[in-house]
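> You'll find query_16.cif just under this line, and it carries mmCIF, C-alpha atoms.
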data_query
#
loop_
_atom_site.label_atom_id
_atom_site.label_comp_id
_atom_site.auth_asym_id
_atom_site.auth_seq_id
_atom_site.Cartn_x
_atom_site.Cartn_y
_atom_site.Cartn_z
CA MET A 1 -1.28 -22.01 30.82
CA LYS A 2 -3.47 -19.06 31.74
CA PHE A 3 -3.54 -15.31 31.06
CA ILE A 4 -5.86 -12.30 31.44
CA VAL A 5 -6.15 -9.60 28.75
CA SER A 6 -8.44 -6.67 27.85
CA SER A 7 -10.98 -7.66 25.17
CA THR A 8 -10.76 -4.47 23.07
CA TYR A 9 -6.96 -4.31 23.28
CA LEU A 10 -6.71 -7.92 22.10
CA LEU A 11 -9.24 -7.38 19.32
CA LYS A 12 -7.43 -4.29 18.02
CA GLN A 13 -4.14 -6.19 17.70
CA LEU A 14 -5.74 -9.31 16.21
CA GLN A 15 -7.66 -7.37 13.56
CA VAL A 16 -4.37 -6.04 12.20
CA LEU A 17 -2.79 -9.50 12.22
CA GLY A 18 -5.93 -11.00 10.67
CA GLY A 19 -5.07 -9.19 7.43
CA VAL A 20 -2.21 -11.65 6.90
CA ILE A 21 -4.44 -14.73 6.89
CA ASN A 22 -5.68 -15.88 3.47
CA SER A 23 -9.29 -16.96 3.00
CA SER A 24 -8.12 -20.33 1.64
CA ASN A 25 -4.89 -21.76 3.01
CA THR A 26 -3.01 -24.82 1.79
CA LEU A 27 -2.00 -25.65 5.38
CA PRO A 28 -4.89 -25.79 7.89
CA ILE A 29 -2.58 -24.55 10.69
CA LEU A 30 -2.37 -21.17 8.87
CA ASP A 31 -6.05 -20.53 9.70
CA ASN A 32 -4.89 -19.97 13.29
CA PHE A 33 -3.19 -17.28 15.33
CA LEU A 34 -0.12 -18.51 17.17
CA PHE A 35 -0.18 -17.44 20.84
CA GLU A 36 3.20 -17.62 22.59
CA LEU A 37 3.15 -16.72 26.27
CA ASP A 38 6.22 -15.79 28.26
CA GLY A 39 5.24 -14.30 31.61
CA THR A 40 3.47 -10.96 31.06
CA LYS A 41 4.40 -10.85 27.37
CA LEU A 42 2.09 -12.53 24.87
CA THR A 43 3.35 -12.73 21.28
CA VAL A 44 0.60 -13.32 18.70
CA SER A 45 1.59 -14.25 15.13
CA ALA A 46 -0.19 -14.84 11.82
CA SER A 47 1.35 -16.16 8.61
CA ASP A 48 0.57 -17.15 5.02
CA LEU A 49 4.10 -18.55 4.52
CA GLU A 50 5.07 -15.52 2.36
CA THR A 51 4.35 -12.94 5.05
CA THR A 52 4.54 -13.38 8.82
CA MET A 53 3.48 -10.72 11.26
CA SER A 54 3.62 -10.72 15.04
CA SER A 55 2.67 -8.33 17.85
CA VAL A 56 3.70 -8.35 21.50
CA LEU A 57 0.85 -7.71 23.96
CA ASP A 58 0.96 -7.03 27.69
CA VAL A 59 -1.11 -9.53 29.66
CA GLU A 60 -1.49 -10.65 33.28
CA SER A 61 0.19 -14.03 33.71
CA ASP A 62 3.18 -15.87 35.10
CA ASN A 63 2.96 -18.95 32.80
CA GLU A 64 4.55 -19.84 29.52
CA GLY A 65 3.58 -22.01 26.56
CA SER A 66 2.33 -21.82 22.97
CA VAL A 67 -0.94 -22.75 21.24
CA ALA A 68 -2.58 -22.09 17.87
CA ILE A 69 -6.14 -20.72 18.15
CA PRO A 70 -8.65 -20.55 15.21
CA ALA A 71 -8.49 -16.97 13.94
CA ARG A 72 -11.95 -16.47 12.44
CA LEU A 73 -13.76 -17.92 15.48
CA LEU A 74 -11.72 -15.85 17.91
CA LEU A 75 -12.16 -12.59 15.97
CA ASP A 76 -15.91 -13.10 15.56
CA THR A 77 -16.24 -13.72 19.31
CA LEU A 78 -14.11 -10.74 20.37
CA LYS A 79 -16.06 -8.34 18.13
CA THR A 80 -19.19 -8.93 20.20
CA PHE A 81 -17.69 -8.11 23.61
CA PRO A 82 -17.82 -4.72 25.29
CA GLU A 83 -14.57 -3.66 27.00
CA GLN A 84 -13.80 -6.15 29.81
CA PRO A 85 -11.02 -8.45 31.02
CA LEU A 86 -11.03 -11.93 29.44
CA THR A 87 -9.39 -14.94 31.05
CA PHE A 88 -7.87 -17.53 28.71
CA VAL A 89 -7.18 -20.97 30.20
CA ILE A 90 -5.53 -23.66 28.09
CA GLU A 91 -7.04 -26.97 29.22
CA GLU A 92 -5.50 -30.43 28.94
CA ASN A 93 -8.27 -31.73 26.63
CA ASN A 94 -7.12 -29.58 23.69
CA THR A 95 -9.60 -26.79 24.32
CA VAL A 96 -8.96 -23.22 25.29
CA GLU A 97 -11.56 -21.77 27.63
CA ILE A 98 -12.33 -18.05 27.52
CA SER A 99 -14.17 -16.57 30.51
CA SER A 100 -15.89 -13.19 30.27
CA ASN A 101 -18.07 -11.30 32.77
CA HIS A 102 -21.11 -13.16 31.50
CA GLY A 103 -20.08 -16.53 30.18
CA LYS A 104 -17.61 -19.17 29.14
CA TYR A 105 -16.59 -20.18 25.63
CA ALA A 106 -14.52 -23.18 24.67
CA LEU A 107 -12.72 -23.64 21.35
CA ALA A 108 -10.36 -26.31 20.13
CA TYR A 109 -6.71 -25.36 19.71
CA ALA A 110 -3.80 -26.89 17.78
CA ASP A 111 -0.26 -27.48 18.96
CA GLY A 112 1.80 -24.27 18.69
CA ASN A 113 4.83 -26.25 17.50
CA GLU A 114 3.06 -27.10 14.23
CA PHE A 115 2.95 -23.42 13.30
CA PRO A 116 5.61 -22.56 10.66
CA LYS A 117 8.59 -20.72 12.11
CA ALA A 118 9.26 -17.17 10.86
CA ILE A 119 12.31 -16.83 8.61
CA SER A 120 15.41 -15.41 10.22
CA LEU A 121 17.35 -13.05 7.96
CA GLU A 122 20.94 -14.01 7.22
CA ASP A 123 23.36 -11.10 7.24
CA PRO A 124 20.84 -8.28 6.57
CA SER A 125 21.49 -4.61 5.71
CA ASN A 126 19.33 -2.11 7.56
CA THR A 127 17.80 1.35 7.25
CA LYS A 128 15.81 3.39 9.75
CA MET A 129 13.07 5.88 8.89
CA PRO A 130 10.08 7.58 10.55
CA GLY A 131 6.85 5.61 10.21
CA HIS A 132 4.84 8.41 8.59
CA ILE A 133 7.41 8.70 5.76
CA LEU A 134 7.08 5.00 4.93
CA ALA A 135 3.28 5.24 5.16
CA THR A 136 3.26 8.22 2.74
CA ALA A 137 5.63 6.43 0.35
CA ILE A 138 3.34 3.38 0.27
CA ASN A 139 0.18 5.49 -0.13
CA LYS A 140 1.64 7.51 -2.98
CA THR A 141 2.90 4.52 -4.98
CA ILE A 142 0.92 1.34 -4.30
CA PHE A 143 -2.09 2.26 -6.47
CA ALA A 144 0.16 2.33 -9.57
CA ALA A 145 1.52 -1.21 -9.10
CA GLY A 146 0.25 -3.80 -11.57
CA ASN A 147 -1.88 -6.92 -11.06
CA ASP A 148 -0.39 -8.96 -13.88
CA ASP A 149 0.72 -12.44 -12.74
CA LEU A 150 2.81 -12.79 -15.88
CA ARG A 151 4.96 -9.83 -14.83
CA PRO A 152 5.35 -10.35 -11.08
CA VAL A 153 8.11 -7.71 -10.75
CA MET A 154 5.61 -5.03 -11.69
CA SER A 155 3.07 -6.20 -9.10
CA GLY A 156 5.08 -4.74 -6.24
CA VAL A 157 6.74 -1.49 -5.18
CA PHE A 158 10.42 -1.02 -5.98
CA PHE A 159 12.47 0.27 -3.03
CA GLN A 160 15.77 1.95 -3.96
CA PHE A 161 17.96 3.01 -1.08
CA SER A 162 21.14 5.04 -1.38
CA THR A 163 23.31 7.41 0.62
CA GLU A 164 21.66 10.34 -1.24
CA GLY A 165 18.08 9.39 -0.42
CA LEU A 166 15.27 6.86 -0.79
CA THR A 167 13.22 6.21 -3.92
CA PHE A 168 9.99 4.22 -4.21
CA VAL A 169 8.61 3.33 -7.65
CA ALA A 170 5.49 1.53 -8.86
CA THR A 171 4.26 0.97 -12.41
CA ASP A 172 1.90 -1.24 -14.42
CA ALA A 173 3.26 -0.06 -17.82
CA HIS A 174 0.36 2.41 -18.28
CA LYS A 175 1.10 4.63 -15.31
CA LEU A 176 4.16 5.13 -13.14
CA VAL A 177 4.78 6.85 -9.82
CA LYS A 178 8.19 7.75 -8.47
CA TYR A 179 8.37 9.04 -4.91
CA THR A 180 11.69 10.25 -3.52
CA ARG A 181 12.89 11.47 -0.12
CA ALA A 182 16.16 13.36 0.07
CA ASP A 183 15.77 13.92 3.83
CA VAL A 184 16.23 10.22 4.74
CA GLN A 185 19.32 8.27 3.70
CA ALA A 186 20.46 4.66 3.86
CA SER A 187 23.96 3.62 4.91
CA GLN A 188 24.55 1.68 1.69
CA VAL A 189 23.02 1.21 -1.75
CA ALA A 190 20.30 -1.46 -1.96
CA GLU A 191 17.21 -2.23 -4.00
CA PHE A 192 14.40 -4.75 -3.66
CA ILE A 193 10.77 -5.28 -4.75
CA MET A 194 8.15 -5.45 -2.00
CA PRO A 195 4.86 -7.31 -2.65
CA LYS A 196 1.58 -5.41 -2.25
CA LYS A 197 0.05 -7.43 0.56
CA PRO A 198 2.63 -6.67 3.28
CA LEU A 199 2.71 -3.03 2.13
CA ASN A 200 -1.05 -2.73 2.58
CA LEU A 201 -0.69 -4.24 6.06
CA LEU A 202 2.04 -1.75 6.95
CA LYS A 203 0.02 1.13 5.56
CA GLY A 204 -2.87 0.13 7.81
CA ILE A 205 -0.77 0.17 10.98
CA LEU A 206 1.57 3.10 10.40
CA GLY A 207 -0.78 5.98 9.76
CA ALA A 208 0.76 9.20 10.99
CA SER A 209 2.99 7.67 13.65
CA ASP A 210 6.35 9.33 14.16
CA GLU A 211 8.02 6.33 15.69
CA GLU A 212 11.03 4.96 13.94
CA ILE A 213 10.87 1.85 11.81
CA THR A 214 13.83 -0.40 11.22
CA ILE A 215 13.89 -2.11 7.83
CA GLU A 216 16.26 -5.05 7.49
CA TYR A 217 16.65 -6.78 4.14
CA ASN A 218 18.74 -9.26 2.18
CA ASP A 219 18.27 -10.72 -1.31
CA SER A 220 15.15 -12.69 -0.52
CA ASN A 221 13.38 -11.24 2.54
CA ALA A 222 12.64 -7.98 4.33
CA LYS A 223 11.81 -7.37 7.96
CA PHE A 224 10.03 -4.30 9.38
CA THR A 225 10.30 -3.70 13.13
CA PHE A 226 8.49 -0.96 15.07
CA GLU A 227 7.09 -0.44 18.52
CA ASN A 228 5.75 -3.90 19.41
CA THR A 229 5.10 -5.24 15.91
CA LEU A 230 7.27 -7.19 13.52
CA LEU A 231 6.59 -8.04 9.87
CA ILE A 232 8.72 -10.38 7.77
CA CYS A 233 7.95 -10.98 4.11
CA ARG A 234 9.45 -12.64 1.09
CA LEU A 235 10.51 -10.21 -1.61
CA ILE A 236 9.53 -10.47 -5.28
CA ASP A 237 12.31 -12.14 -7.19
CA GLY A 238 13.51 -10.54 -10.43
CA LYS A 239 14.96 -7.38 -11.91
CA TYR A 240 12.85 -4.23 -11.94
CA PRO A 241 12.48 -2.59 -15.37
CA ASN A 242 14.60 0.48 -16.08
CA TYR A 243 11.91 3.02 -15.22
CA GLU A 244 14.16 6.08 -15.75
CA ALA A 245 14.26 5.25 -19.48
CA VAL A 246 10.49 5.82 -19.88
CA ILE A 247 10.35 9.18 -18.12
CA PRO A 248 10.65 11.79 -20.92
CA LYS A 249 13.32 14.35 -20.03
CA GLU A 250 12.46 17.15 -22.48
CA ASN A 251 8.91 18.42 -21.95
CA PRO A 252 8.57 21.90 -23.41
CA ASN A 253 4.77 22.16 -22.98
CA LYS A 254 3.78 22.94 -19.41
CA LEU A 255 0.23 23.24 -18.14
CA THR A 256 -0.56 24.45 -14.60
CA ILE A 257 -4.10 24.04 -13.30
CA ASP A 258 -6.17 23.83 -10.13
CA ARG A 259 -6.14 20.13 -9.14
CA THR A 260 -9.70 19.85 -7.77
CA GLN A 261 -11.21 21.64 -10.74
CA PHE A 262 -9.27 19.45 -13.18
CA LEU A 263 -10.20 16.27 -11.29
CA ASN A 264 -13.92 17.09 -11.15
CA SER A 265 -13.95 17.96 -14.82
CA VAL A 266 -12.21 14.72 -15.83
CA ARG A 267 -14.64 12.75 -13.63
CA ARG A 268 -17.71 14.36 -15.17
CA VAL A 269 -16.57 14.16 -18.77
CA SER A 270 -15.40 10.55 -18.41
CA ILE A 271 -18.98 9.44 -17.63
CA PHE A 272 -19.66 10.07 -21.33
CA SER A 273 -16.57 8.24 -22.58
CA ASN A 274 -16.42 4.82 -24.19
CA LYS A 275 -16.83 2.18 -21.46
CA THR A 276 -13.97 0.01 -22.72
CA THR A 277 -11.31 2.63 -23.51
CA HIS A 278 -12.31 5.36 -20.96
CA GLN A 279 -10.70 7.73 -23.43
CA ILE A 280 -10.83 11.49 -22.90
CA ARG A 281 -9.29 14.16 -25.11
CA LEU A 282 -7.38 17.16 -23.79
CA LYS A 283 -7.10 20.03 -26.23
CA ILE A 284 -4.88 22.86 -25.05
CA ALA A 285 -4.63 26.24 -26.75
CA GLY A 286 -3.57 29.51 -25.18
CA ALA A 287 -4.92 29.72 -21.65
CA GLU A 288 -7.76 27.30 -22.28
CA LEU A 289 -8.01 23.56 -21.66
CA ASN A 290 -10.80 21.76 -23.44
CA ILE A 291 -11.67 18.30 -22.03
CA SER A 292 -13.97 16.13 -24.12
CA ALA A 293 -15.15 12.54 -24.46
CA GLU A 294 -17.40 10.73 -26.88
CA ASP A 295 -19.01 7.31 -26.94
CA ILE A 296 -19.95 6.92 -30.62
CA ASP A 297 -21.88 3.65 -30.05
CA TYR A 298 -24.40 5.40 -27.82
CA SER A 299 -24.17 8.96 -29.19
CA ASN A 300 -23.04 10.23 -25.77
CA LYS A 301 -20.63 13.09 -25.61
CA ALA A 302 -19.43 15.77 -23.22
CA GLU A 303 -17.11 18.74 -23.34
CA GLU A 304 -15.85 21.18 -20.70
CA ARG A 305 -13.62 24.24 -20.87
CA LEU A 306 -11.26 25.27 -18.09
CA THR A 307 -8.87 28.17 -17.80
CA CYS A 308 -5.29 27.22 -17.11
CA ASP A 309 -1.79 28.57 -17.27
CA TYR A 310 -0.10 27.07 -20.33
CA GLN A 311 3.30 27.60 -21.89
CA GLY A 312 3.87 25.67 -25.10
CA ASP A 313 2.45 24.78 -28.49
CA ASP A 314 -1.24 24.08 -29.02
CA MET A 315 -1.81 20.34 -28.81
CA GLN A 316 -4.30 17.52 -28.45
CA ILE A 317 -3.61 14.39 -26.44
CA GLY A 318 -5.72 11.44 -25.31
CA PHE A 319 -5.62 9.75 -21.89
CA ASN A 320 -7.40 6.94 -20.11
CA SER A 321 -9.57 8.91 -17.68
CA ARG A 322 -9.34 6.26 -14.95
CA PHE A 323 -5.56 6.62 -14.73
CA LEU A 324 -5.75 10.40 -14.70
CA THR A 325 -8.44 10.35 -11.97
CA GLU A 326 -6.43 7.95 -9.80
CA MET A 327 -3.36 10.14 -10.01
CA LEU A 328 -5.13 13.44 -9.35
CA ASN A 329 -6.91 11.79 -6.41
CA ASN A 330 -3.60 10.71 -4.98
CA LEU A 331 -2.05 14.18 -4.94
CA GLY A 332 -2.90 16.52 -2.09
CA SER A 333 -1.77 19.76 -3.70
CA ASN A 334 -3.93 22.72 -4.71
CA ASP A 335 -2.30 23.07 -8.13
CA VAL A 336 -0.69 20.50 -10.39
CA GLN A 337 1.57 20.75 -13.39
CA LEU A 338 1.14 18.53 -16.45
CA GLU A 339 4.23 18.43 -18.67
CA LEU A 340 3.87 17.20 -22.24
CA SER A 341 6.19 16.82 -25.20
CA MET A 342 4.17 15.13 -27.97
CA PRO A 343 0.74 13.45 -28.29
CA ASN A 344 2.40 10.01 -28.39
CA ARG A 345 4.74 10.57 -25.42
CA ALA A 346 3.90 10.16 -21.75
CA GLY A 347 2.56 13.10 -19.76
CA ILE A 348 4.18 13.95 -16.43
CA LEU A 349 2.06 15.09 -13.53
CA THR A 350 3.67 16.78 -10.50
CA PRO A 351 2.24 18.63 -7.49
CA ILE A 352 3.19 22.30 -7.20
CA ASP A 353 2.64 22.71 -3.46
CA ASP A 354 1.88 20.45 -0.44
CA LEU A 355 5.34 18.85 -0.38
CA GLU A 356 7.58 18.49 2.65
CA GLU A 357 11.23 19.47 2.57
CA GLY A 358 13.15 16.83 0.58
CA GLU A 359 9.99 15.18 -0.78
CA HIS A 360 9.41 14.77 -4.50
CA VAL A 361 6.60 13.05 -6.46
CA THR A 362 6.57 12.36 -10.19
CA MET A 363 3.58 10.66 -11.82
CA LEU A 364 3.68 9.54 -15.41
CA VAL A 365 0.68 8.55 -17.52
CA MET A 366 0.84 6.98 -20.99
CA PRO A 367 -1.35 8.57 -23.68
CA VAL A 368 -3.92 6.71 -25.76
CA MET A 369 -4.24 7.11 -29.51
CA LEU A 370 -6.98 9.53 -30.48
CA ASN A 371 -9.41 8.62 -33.24
CA SER A 372 -9.26 11.75 -35.30
#
Would you write out, as structure tokens, the structure that this file holds?

Amino acid sequence: MKFIVSSTYLLKQLQVLGGVINSSNTLPILDNFLFELDGTKLTVSASDLETTMSSVLDVESDNEGSVAIPARLLLDTLKTFPEQPLTFVIEENNTVEISSNHGKYALAYADGNEFPKAISLEDPSNTKMPGHILATAINKTIFAAGNDDLRPVMSGVFFQFSTEGLTFVATDAHKLVKYTRADVQASQVAEFIMPKKPLNLLKGILGASDEEITIEYNDSNAKFTFENTLLICRLIDGKYPNYEAVIPKENPNKLTIDRTQFLNSVRRVSIFSNKTTHQIRLKIAGAELNISAEDIDYSNKAEERLTCDYQGDDMQIGFNSRFLTEMLNNLGSNDVQLELSMPNRAGILTPIDDLEEGEHVTMLVMPVMLNS
């Protein structure tokens, strides 16, 4: 078995697939890339049993066969090459020989048949959407997903598809993000929870591409197909909490403010906040927002005043500055609106501009109790 491929083209594809491989695998075979050659098409796959990803590459060859090649060794070697054709020859003595313009490198390979087979989806439903929409949905929500192993359903992003539109939700019980698209619909109602790892992989590949992605899913797995890449992953099992119940519907107090100014202020003031609670206090009266923080143990304190547009009663509310910073960072708009009802109810943050037609983002942040 022999094929010729461009070094940089191969490296680019393998670096994406390398994200699937765990640093410590239970099965040694999972430390390898699976190379499956069929004429001029080379399919390279990587798996951690939960997630399997494969890409189809164009190569020069008229052979077929399959081998598993050590991933780390191959990636480290490819990174050092300038652009050039590489010739891979699979020898009988269980080594694969790579020839470059300047040298030869031999590495041991494993039998391709030992590599775990990707799951095939039984009777899946499917939805199609442009790649950039999925990438935006992941970007806007994934930071709010939790890391708590005791509540695995909250460690992923909840996909809700319907004939009206698509909704993506992530929460860790302190913050929540709901991202909806009314301009893309699914053929039937479906919902599932996607783990973070495959979403991060997708986010890395999709970028701003306009090509269409096909998502197929059943109760236990989801499959994403686009261009020459395929990703199959196991879904998180369980029922997602009723997130609509925590979003307060009546919020009479509405504050509109310049996002960058608000973000910079929160960042600065939070440096002086308590290092365990990260608590900052927002005091709103008239057209003035007063942001303050105090770390009593070290006698540090800070206070800033900003002008804003505010309709509602004067109020004081406390937030964890890290959550507020993350959310403001994640919005691209010039101005944001913060809706509040009471100091012990969640605040709702929404962008005022920078939204496409049919796009809607709602971010919710839980308050912290203020020490009076």
> Given the file shown, determine the residues that the PyMOL selection byres ((chain A and resi 168) around 6) selects; report them as a PDB file with C-alpha atoms, keeping the file's coordinate frame.

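Result written to result_5.pdb:
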ATOM      1  CA  PHE A 158      10.420  -1.020  -5.980  1.00  0.00           C
ATOM      2  CA  PHE A 159      12.470   0.270  -3.030  1.00  0.00           C
ATOM      3  CA  THR A 167      13.220   6.210  -3.920  1.00  0.00           C
ATOM      4  CA  VAL A 169       8.610   3.330  -7.650  1.00  0.00           C
ATOM      5  CA  LYS A 178       8.190   7.750  -8.470  1.00  0.00           C
ATOM      6  CA  TYR A 179       8.370   9.040  -4.910  1.00  0.00           C
TER       7      TYR A 179
END
> Can you give me, as JSON, numbers by chain, the residues this file yields under the PyMOL selection byres ((chain A and resi 145-154) around 10)?
{"A": [141, 142, 143, 144, 155, 156, 157, 158, 169, 170, 171, 172, 173, 174, 175, 176, 177, 192, 193, 194, 195, 196, 235, 236, 237, 238, 239, 240, 241]}
> Suppose you want the space between atom CA of Leu364 of chain A and atom CA of Ile215 of chain A; what is it in Å?
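So the answer is 27.9 Å.
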> Where does the PyMOL selection byres ((chain A and resi 335) around 10) land in this file, that is, which residues does it pick, as a PyMOL selection string?
chain A and resi 256-262+331-334+336-337+350-354
> Identify which of the residues A:Val16, A:Ile4, A:Ile271, A:Ile232 lies closest to Val89 of chain A, counting all atoms listed in the file when measuring atom-to-atom distances.
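Selected residue with least distance to Val89 of chain A: A:Ile4.
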> Atom CA of Leu206 of chain A and atom CA of Leu355 of chain A, how far apart in Å?
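Calculated distance between atom CA of Leu355 of chain A and atom CA of Leu206 of chain A is 19.5 Å.
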> For a quick check of understanding, using only C-alpha atoms, which of A:Pro82, A:Gly131, A:Pro70, A:Gly312 has the smallest distance to Ile21 of chain A?
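Checking each candidate against Ile21 of chain A, we get A:Pro70 as the closest.
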> So that I can see what lies close to Ser273 of chain A, please list as a VMD selection string the residues with an atom at most 10 Å from it, counting only C-alpha atoms and leaving out residues fewer than 5 positions away in the same chain.
chain A and resid 268 278 to 281 292 to 296 298 300 to 302 320 to 321
> Measuring between only C-alpha atoms, which one of A:Glu60, A:Glu83, A:Glu191, A:Glu357 shows the shortest distance to Thr127 of chain A?
A:Glu191
> Figure out the distance between atom CA of Ile213 of chain A and atom CA of Lys128 of chain A, please, to one decimal in Å.
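Between atom CA of Lys128 of chain A and atom CA of Ile213 of chain A the gap works out to 5.6 Å.
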> Got a sec: who's within 12 Å of Phe226 of chain A, counting all atoms listed in the file, leaving out chain neighbours fewer than 6 positions off, as a compact mmCIF listing (two decimals) with C-alpha atoms, in the frame of the given file?

# COMPACT_ATOMS: atom_id res chain seq x y z
CA MET A 53 3.48 -10.72 11.26
CA SER A 54 3.62 -10.72 15.04
CA SER A 55 2.67 -8.33 17.85
CA VAL A 56 3.70 -8.35 21.50
CA LYS A 128 15.81 3.39 9.75
CA MET A 129 13.07 5.88 8.89
CA PRO A 130 10.08 7.58 10.55
CA GLY A 131 6.85 5.61 10.21
CA HIS A 132 4.84 8.41 8.59
CA LEU A 134 7.08 5.00 4.93
CA LEU A 202 2.04 -1.75 6.95
CA ILE A 205 -0.77 0.17 10.98
CA LEU A 206 1.57 3.10 10.40
CA SER A 209 2.99 7.67 13.65
CA ASP A 210 6.35 9.33 14.16
CA GLU A 211 8.02 6.33 15.69
CA GLU A 212 11.03 4.96 13.94
CA ILE A 213 10.87 1.85 11.81
CA THR A 214 13.83 -0.40 11.22
CA ILE A 215 13.89 -2.11 7.83
CA GLU A 216 16.26 -5.05 7.49
CA ILE A 232 8.72 -10.38 7.77
> Around (-2.8, 25.7, -31.1) in the file's own coordinates, what residues are found within 10 Å if you use only C-alpha atoms, given back as a count of residues only?
9
> Need the shell around Tyr9 of chain A: protein/DNA/RNA residues with any atom at most 12 Å away, counting all atoms listed in the file. Skip same-chain ones fewer than 3 positions apart. Format as number ranges by chain?
A: 4-6, 12-16, 55-59, 78-79, 81-86
> Could the centre and edge lengths of an axis-aligned box, enclosing all atoms of segment 333-337 of chain A in the file with 5 Å extra on each side, be given in Å to one decimal as AutoDock Vina command-line options?

--center_x -1.2 --center_y 21.4 --center_z -8.5 --size_x 15.5 --size_y 13.3 --size_z 19.7
> With only C-alpha atoms as the counted atoms, please give the residues lying no more than 6 Å from segment 108-120 of chain A, apart from itself and same-chain residues fewer than 2 positions off, as a PDB file with C-alpha atoms, in the coordinates of the input.

ATOM      1  CA  SER A  66       2.330 -21.820  22.970  1.00  0.00           C
ATOM      2  CA  VAL A  67      -0.940 -22.750  21.240  1.00  0.00           C
ATOM      3  CA  ALA A  68      -2.580 -22.090  17.870  1.00  0.00           C
ATOM      4  CA  ILE A  69      -6.140 -20.720  18.150  1.00  0.00           C
ATOM      5  CA  ASN A  94      -7.120 -29.580  23.690  1.00  0.00           C
ATOM      6  CA  THR A  95      -9.600 -26.790  24.320  1.00  0.00           C
TER       7      THR A  95
END
> For Asn221 of chain A, list every protein, DNA or RNA residue within 7 Å, evaluated using all atoms listed in the file, and leave out those in the same chain fewer than 4 positions away; present the list as a VMD selection string.
chain A and resid 121 217 233 to 235
> For the residues in that selection, give me C-alpha atoms as a PDB file, in the coordinates of the input.

ATOM      1  CA  LEU A 121      17.350 -13.050   7.960  1.00  0.00           C
ATOM      2  CA  TYR A 217      16.650  -6.780   4.140  1.00  0.00           C
ATOM      3  CA  CYS A 233       7.950 -10.980   4.110  1.00  0.00           C
ATOM      4  CA  ARG A 234       9.450 -12.640   1.090  1.00  0.00           C
ATOM      5  CA  LEU A 235      10.510 -10.210  -1.610  1.00  0.00           C
TER       6      LEU A 235
END
> Could you check which of A:Ile291, A:Val269, A:Leu37, A:Leu255 is closest to Gly347 of chain A, using all atoms listed in the file?
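Once distances to Gly347 of chain A are computed over all atoms listed in the file, the minimum belongs to A:Leu255.
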